[in-house]
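> The structure file upload_27.cif (mmCIF, C-alpha atoms, pLDDT in the B column; chains and numbers go by the auth columns) is provided below.
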```cif
data_start
#
loop_
_atom_site.group_PDB
_atom_site.id
_atom_site.type_symbol
_atom_site.label_atom_id
_atom_site.label_comp_id
_atom_site.label_asym_id
_atom_site.label_seq_id
_atom_site.Cartn_x
_atom_site.Cartn_y
_atom_site.Cartn_z
_atom_site.B_iso_or_equiv
_atom_site.auth_seq_id
_atom_site.auth_asym_id
ATOM 1 C CA GLU A 1 -11.571 -7.789 -13.000 91.00 1011 A
ATOM 2 C CA LEU A 2 -14.393 -8.174 -10.471 92.00 1012 A
ATOM 3 C CA GLU A 3 -14.041 -4.545 -9.404 94.00 1013 A
ATOM 4 C CA LEU A 4 -14.102 -3.403 -13.031 95.00 1014 A
ATOM 5 C CA LEU A 5 -17.169 -5.530 -13.770 95.00 1015 A
ATOM 6 C CA ASP A 6 -18.870 -3.995 -10.721 95.00 1016 A
ATOM 7 C CA PHE A 7 -17.906 -0.481 -11.903 96.00 1017 A
ATOM 8 C CA LEU A 8 -19.371 -1.199 -15.348 95.00 1018 A
ATOM 9 C CA ASP A 9 -22.567 -2.573 -13.843 95.00 1019 A
ATOM 10 C CA ARG A 10 -23.096 0.126 -11.231 95.00 1020 A
ATOM 11 C CA ARG A 11 -21.436 3.329 -12.399 95.00 1021 A
ATOM 12 C CA VAL A 12 -21.256 3.150 -16.201 95.00 1022 A
ATOM 13 C CA ARG A 13 -24.736 1.732 -16.578 94.00 1023 A
ATOM 14 C CA ALA A 14 -26.116 4.545 -14.361 94.00 1024 A
ATOM 15 C CA GLY A 15 -24.276 7.229 -16.357 92.00 1025 A
ATOM 16 C CA GLN A 16 -22.028 8.097 -13.393 94.00 1026 A
ATOM 17 C CA GLY A 17 -18.809 6.639 -14.735 97.00 1027 A
ATOM 18 C CA LEU A 18 -16.801 5.972 -17.862 98.00 1028 A
ATOM 19 C CA LEU A 19 -14.343 3.310 -18.917 98.00 1029 A
ATOM 20 C CA LEU A 20 -11.513 4.933 -20.893 98.00 1030 A
ATOM 21 C CA ASP A 21 -9.162 3.080 -23.219 98.00 1031 A
ATOM 22 C CA ASN A 22 -5.939 5.117 -23.312 97.00 1032 A
ATOM 23 C CA ARG A 23 -4.290 3.184 -26.128 97.00 1033 A
ATOM 24 C CA GLN A 24 -3.682 4.715 -29.537 95.00 1034 A
ATOM 25 C CA PRO A 25 -6.823 4.896 -31.722 95.00 1035 A
ATOM 26 C CA GLU A 26 -5.612 2.263 -34.175 96.00 1036 A
ATOM 27 C CA PHE A 27 -5.433 -0.308 -31.344 96.00 1037 A
ATOM 28 C CA PHE A 28 -8.808 0.742 -29.916 97.00 1038 A
ATOM 29 C CA LYS A 29 -10.394 0.234 -33.349 97.00 1039 A
ATOM 30 C CA GLN A 30 -9.149 -3.372 -33.443 97.00 1040 A
ATOM 31 C CA GLU A 31 -10.419 -4.495 -30.028 97.00 1041 A
ATOM 32 C CA THR A 32 -11.417 -3.124 -26.639 98.00 1042 A
ATOM 33 C CA ILE A 33 -13.403 -3.874 -23.498 97.00 1043 A
ATOM 34 C CA PRO A 34 -17.179 -3.518 -23.937 96.00 1044 A
ATOM 35 C CA SER A 35 -18.478 0.021 -23.199 95.00 1045 A
ATOM 36 C CA ALA A 36 -14.953 1.535 -23.336 97.00 1046 A
ATOM 37 C CA MET A 37 -14.433 4.907 -24.963 96.00 1047 A
ATOM 38 C CA SER A 38 -11.194 5.892 -26.655 97.00 1048 A
ATOM 39 C CA LEU A 39 -9.229 8.637 -24.926 97.00 1049 A
ATOM 40 C CA PRO A 40 -5.550 8.449 -25.930 96.00 1050 A
ATOM 41 C CA GLU A 41 -3.335 9.986 -23.269 91.00 1051 A
ATOM 42 C CA ALA A 42 -1.920 12.520 -25.747 92.00 1052 A
ATOM 43 C CA ILE A 43 -5.328 14.227 -25.918 94.00 1053 A
ATOM 44 C CA LEU A 44 -4.933 15.302 -22.281 94.00 1054 A
ATOM 45 C CA LYS A 45 -2.017 17.635 -22.954 91.00 1055 A
ATOM 46 C CA ARG A 46 -2.608 21.252 -21.899 89.00 1056 A
ATOM 47 C CA ASP A 47 -1.828 22.539 -25.394 92.00 1057 A
ATOM 48 C CA ASN A 48 -4.599 20.473 -27.019 94.00 1058 A
ATOM 49 C CA PRO A 49 -7.071 23.031 -28.422 94.00 1059 A
ATOM 50 C CA HIS A 50 -9.917 20.549 -27.771 95.00 1060 A
ATOM 51 C CA LEU A 51 -9.054 19.854 -24.131 94.00 1061 A
ATOM 52 C CA ALA A 52 -11.981 21.938 -22.851 95.00 1062 A
ATOM 53 C CA LYS A 53 -14.415 19.786 -24.860 96.00 1063 A
ATOM 54 C CA VAL A 54 -12.845 16.628 -23.466 96.00 1064 A
ATOM 55 C CA LEU A 55 -13.076 17.812 -19.852 97.00 1065 A
ATOM 56 C CA SER A 56 -16.654 18.984 -20.385 96.00 1066 A
ATOM 57 C CA ALA A 57 -17.573 15.571 -21.791 96.00 1067 A
ATOM 58 C CA LEU A 58 -16.186 14.027 -18.595 97.00 1068 A
ATOM 59 C CA GLY A 59 -18.524 16.195 -16.524 96.00 1069 A
ATOM 60 C CA ALA A 60 -16.184 19.049 -15.569 97.00 1070 A
ATOM 61 C CA ARG A 61 -17.378 22.639 -15.732 96.00 1071 A
ATOM 62 C CA ARG A 62 -15.309 25.678 -16.633 93.00 1072 A
ATOM 63 C CA LEU A 63 -15.138 28.420 -13.985 91.00 1073 A
ATOM 64 C CA GLY A 64 -13.103 31.197 -15.538 88.00 1074 A
ATOM 65 C CA GLU A 65 -9.531 29.959 -15.755 85.00 1075 A
ATOM 66 C CA ARG A 66 -10.205 26.975 -13.462 89.00 1076 A
ATOM 67 C CA TRP A 67 -12.248 23.811 -13.717 93.00 1077 A
ATOM 68 C CA ASP A 68 -14.908 22.553 -11.322 96.00 1078 A
ATOM 69 C CA PHE A 69 -14.814 18.761 -11.102 97.00 1079 A
ATOM 70 C CA LYS A 70 -17.593 18.374 -8.522 95.00 1080 A
ATOM 71 C CA ASP A 71 -19.893 16.701 -11.067 95.00 1081 A
ATOM 72 C CA ALA A 72 -17.140 14.976 -13.028 97.00 1082 A
ATOM 73 C CA LYS A 73 -17.643 11.290 -13.717 97.00 1083 A
ATOM 74 C CA ALA A 74 -15.765 8.513 -11.976 98.00 1084 A
ATOM 75 C CA LEU A 75 -13.302 6.999 -14.426 98.00 1085 A
ATOM 76 C CA VAL A 76 -11.486 3.725 -14.927 98.00 1086 A
ATOM 77 C CA LEU A 77 -8.526 4.030 -17.270 98.00 1087 A
ATOM 78 C CA PHE A 78 -6.715 1.157 -18.945 98.00 1088 A
ATOM 79 C CA CYS A 79 -4.262 0.462 -21.729 97.00 1089 A
ATOM 80 C CA SER A 80 -2.587 -2.655 -23.132 97.00 1090 A
ATOM 81 C CA ALA A 81 -1.126 -4.426 -20.098 96.00 1091 A
ATOM 82 C CA VAL A 82 0.921 -3.997 -16.931 95.00 1092 A
ATOM 83 C CA TRP A 83 3.988 -3.041 -18.990 95.00 1093 A
ATOM 84 C CA CYS A 84 2.109 -0.213 -20.768 95.00 1094 A
ATOM 85 C CA ASP A 85 2.415 3.320 -19.368 95.00 1095 A
ATOM 86 C CA GLU A 86 -0.262 5.162 -21.378 96.00 1096 A
ATOM 87 C CA SER A 87 -2.865 5.050 -18.580 97.00 1097 A
ATOM 88 C CA ALA A 88 -0.332 6.087 -15.954 97.00 1098 A
ATOM 89 C CA LYS A 89 0.554 9.105 -18.121 96.00 1099 A
ATOM 90 C CA ALA A 90 -3.137 9.901 -18.617 97.00 1100 A
ATOM 91 C CA ILE A 91 -3.775 9.753 -14.869 97.00 1101 A
ATOM 92 C CA ARG A 92 -0.833 12.059 -14.154 97.00 1102 A
ATOM 93 C CA ALA A 93 -2.107 14.500 -16.801 96.00 1103 A
ATOM 94 C CA MET A 94 -5.622 14.454 -15.361 96.00 1104 A
ATOM 95 C CA LEU A 95 -4.337 15.039 -11.843 97.00 1105 A
ATOM 96 C CA ALA A 96 -2.263 17.980 -13.120 94.00 1106 A
ATOM 97 C CA LEU A 97 -5.450 19.430 -14.642 94.00 1107 A
ATOM 98 C CA GLY A 98 -7.172 19.157 -11.255 94.00 1108 A
ATOM 99 C CA TYR A 99 -9.258 16.025 -11.800 97.00 1109 A
ATOM 100 C CA PRO A 100 -9.964 14.581 -8.332 97.00 1110 A
ATOM 101 C CA ALA A 101 -7.842 11.554 -7.466 97.00 1111 A
ATOM 102 C CA ASP A 102 -10.821 9.845 -5.836 97.00 1112 A
ATOM 103 C CA LYS A 103 -12.596 9.816 -9.218 98.00 1113 A
ATOM 104 C CA LEU A 104 -9.687 8.166 -11.049 98.00 1114 A
ATOM 105 C CA ASN A 105 -9.190 4.402 -11.074 97.00 1115 A
ATOM 106 C CA TYR A 106 -6.585 2.350 -12.896 97.00 1116 A
ATOM 107 C CA TYR A 107 -7.183 -1.121 -14.365 97.00 1117 A
ATOM 108 C CA ARG A 108 -3.504 -1.960 -14.482 96.00 1118 A
ATOM 109 C CA GLY A 109 -3.862 -5.365 -16.159 96.00 1119 A
ATOM 110 C CA GLY A 110 -5.346 -3.720 -19.215 97.00 1120 A
ATOM 111 C CA LEU A 111 -6.685 -5.487 -22.246 98.00 1121 A
ATOM 112 C CA GLN A 112 -4.128 -8.279 -21.926 97.00 1122 A
ATOM 113 C CA ALA A 113 -5.332 -9.309 -18.441 97.00 1123 A
ATOM 114 C CA TRP A 114 -8.982 -8.911 -19.496 97.00 1124 A
ATOM 115 C CA ARG A 115 -8.443 -11.334 -22.383 96.00 1125 A
ATOM 116 C CA ALA A 116 -6.289 -13.687 -20.282 96.00 1126 A
ATOM 117 C CA VAL A 117 -9.174 -14.456 -17.932 96.00 1127 A
ATOM 118 C CA GLY A 118 -11.508 -15.055 -20.872 96.00 1128 A
ATOM 119 C CA LEU A 119 -13.660 -11.937 -20.677 96.00 1129 A
ATOM 120 C CA THR A 120 -15.439 -10.560 -23.736 95.00 1130 A
ATOM 121 C CA THR A 121 -13.866 -7.983 -26.020 97.00 1131 A
ATOM 122 C CA VAL A 122 -15.488 -6.058 -28.858 97.00 1132 A
ATOM 123 C CA VAL A 123 -14.557 -4.342 -32.085 96.00 1133 A
ATOM 124 C CA PRO A 124 -15.975 -0.821 -31.673 92.00 1134 A
ATOM 125 C CA GLU A 125 -18.378 0.488 -34.268 84.00 1135 A
ATOM 126 C CA SER A 126 -16.766 3.034 -36.548 69.00 1136 A
#
```
Take the structure in this file and express it as structure tokens.


Amino acid sequence: ELELLDFLDRRVRAGQGLLLDNRQPEFFKQETIPSAMSLPEAILKRDNPHLAKVLSALGARRLGERWDFKDAKALVLFCSAVWCDESAKAIRAMLALGYPADKLNYYRGGLQAWRAVGLTTVVPES
């Protein structure tokens, strides 16, 4: 949790990083970690017609058939808890797309661990 709090304070606040909630949208709408954005792992499938928009929003740049991730944001991905595999799937999908491993971080405890230590959650604005 301390590393995630530091990431939020240093990287997200400076616009260099994003916290991504990989749970299904209906769960995100009920409660999430402050400053998290919803990015369900299913959106990262190669056949998603909007995948280019998603990667561009993360800071990647299209170079013909390839992607340049030099300016891509550092990410922390999370889902429900240690038993949940949505973030692990999202990370594998991002790696397969070429997203640099050193820009991907995994908050394995997820929302359950965040709540368990008494940290603040929010209901995102619609």

> When you draw a straight line from atom CA of A:Arg1021 to atom CA of A:Phe1088, how long is it in Å?

16.3 Å

> Could the residues of stretch 1018-1092 of chain A that have an atom at most 7 Å from stretch 1115-1128 of chain A be listed as CSV, each with its closest atom pair and the distance in Å to one decimal, counting all atoms listed in the file and ordered by chain and ascending residue number?


```
residue,atom,partner,partner_atom,distance
A:Thr1042,CA,A:Leu1121,CA,6.9
A:Leu1085,CA,A:Asn1115,CA,5.9
A:Val1086,CA,A:Asn1115,CA,4.5
A:Leu1087,CA,A:Tyr1116,CA,5.1
A:Phe1088,CA,A:Gly1120,CA,5.1
A:Cys1089,CA,A:Gly1120,CA,5.0
A:Ser1090,CA,A:Gly1120,CA,4.9
A:Ala1091,CA,A:Gly1120,CA,4.4
A:Val1092,CA,A:Gly1119,CA,5.0
```

> Convert the current residue selection to file output with C-alpha atoms, as a PDB file, in the frame of the given file.


```pdb
ATOM      1  CA  THR A1042     -11.417  -3.124 -26.639  1.00 98.00           C
ATOM      2  CA  LEU A1085     -13.302   6.999 -14.426  1.00 98.00           C
ATOM      3  CA  VAL A1086     -11.486   3.725 -14.927  1.00 98.00           C
ATOM      4  CA  LEU A1087      -8.526   4.030 -17.270  1.00 98.00           C
ATOM      5  CA  PHE A1088      -6.715   1.157 -18.945  1.00 98.00           C
ATOM      6  CA  CYS A1089      -4.262   0.462 -21.729  1.00 97.00           C
ATOM      7  CA  SER A1090      -2.587  -2.655 -23.132  1.00 97.00           C
ATOM      8  CA  ALA A1091      -1.126  -4.426 -20.098  1.00 96.00           C
ATOM      9  CA  VAL A1092       0.921  -3.997 -16.931  1.00 95.00           C
TER      10      VAL A1092
END
```

> Go through A:Leu1129, A:Leu1028, A:Ala1062, A:Leu1012 and flag the residue nearest A:Lys1113, using only C-alpha atoms for the distances.

A:Leu1028

> Please provide as an MDAnalysis selection string all residues within 8 Å of stretch 1100-1103 of chain A, with the sequence filter that same-chain residues fewer than 6 positions apart are discarded (counting all atoms listed in the file).

chainID A and resid 1032 1050:1052 1054:1055 1087 1114

> Go through A:Ser1066, A:Glu1135, A:Cys1094, A:Asn1058 one by one, measure the shortest atom-to-atom distance of each to A:Gln1034 using only C-alpha atoms, and give the residue with the smallest value.

A:Cys1094

> Just how far from atom CA of A:Leu1030 is atom CA of A:Ile1043, in Å to one decimal?

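Here the two named atoms are 9.4 Å from each other.
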
> How far is it from atom CA of A:Arg1020 to atom CA of A:Pro1044, in Å with one decimal?

14.5 Å

> Tell me which of A:Glu1041, A:Leu1049, A:Lys1080, A:Trp1093 sits closest to A:Leu1029, counting all atoms listed in the file.

A:Leu1049

> Using the chain letters and residue numbers of this document, give as a list in words the residues selected by the PyMOL selection byres ((chain A and resi 1110) around 10).

Asp1078, Phe1079, Lys1080, Ala1082, Lys1083, Ala1084, Met1104, Leu1105, Ala1106, Leu1107, Gly1108, Tyr1109, Ala1111, Asp1112, Lys1113 and Leu1114 of chain A

> Just checking: using all atoms listed in the file, which residue out of A:Ala1024, A:Leu1015, A:Ala1098, A:Met1047 ends up closest to A:Val1064?

A:Met1047

> Of the residues A:Gly1027, A:Thr1130, A:Asp1095, A:Val1022, which is the one nearest to A:Leu1068, using all atoms listed in the file?

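Between A:Gly1027, A:Thr1130, A:Asp1095, A:Val1022, the residue approaching A:Leu1068 most closely is A:Gly1027.
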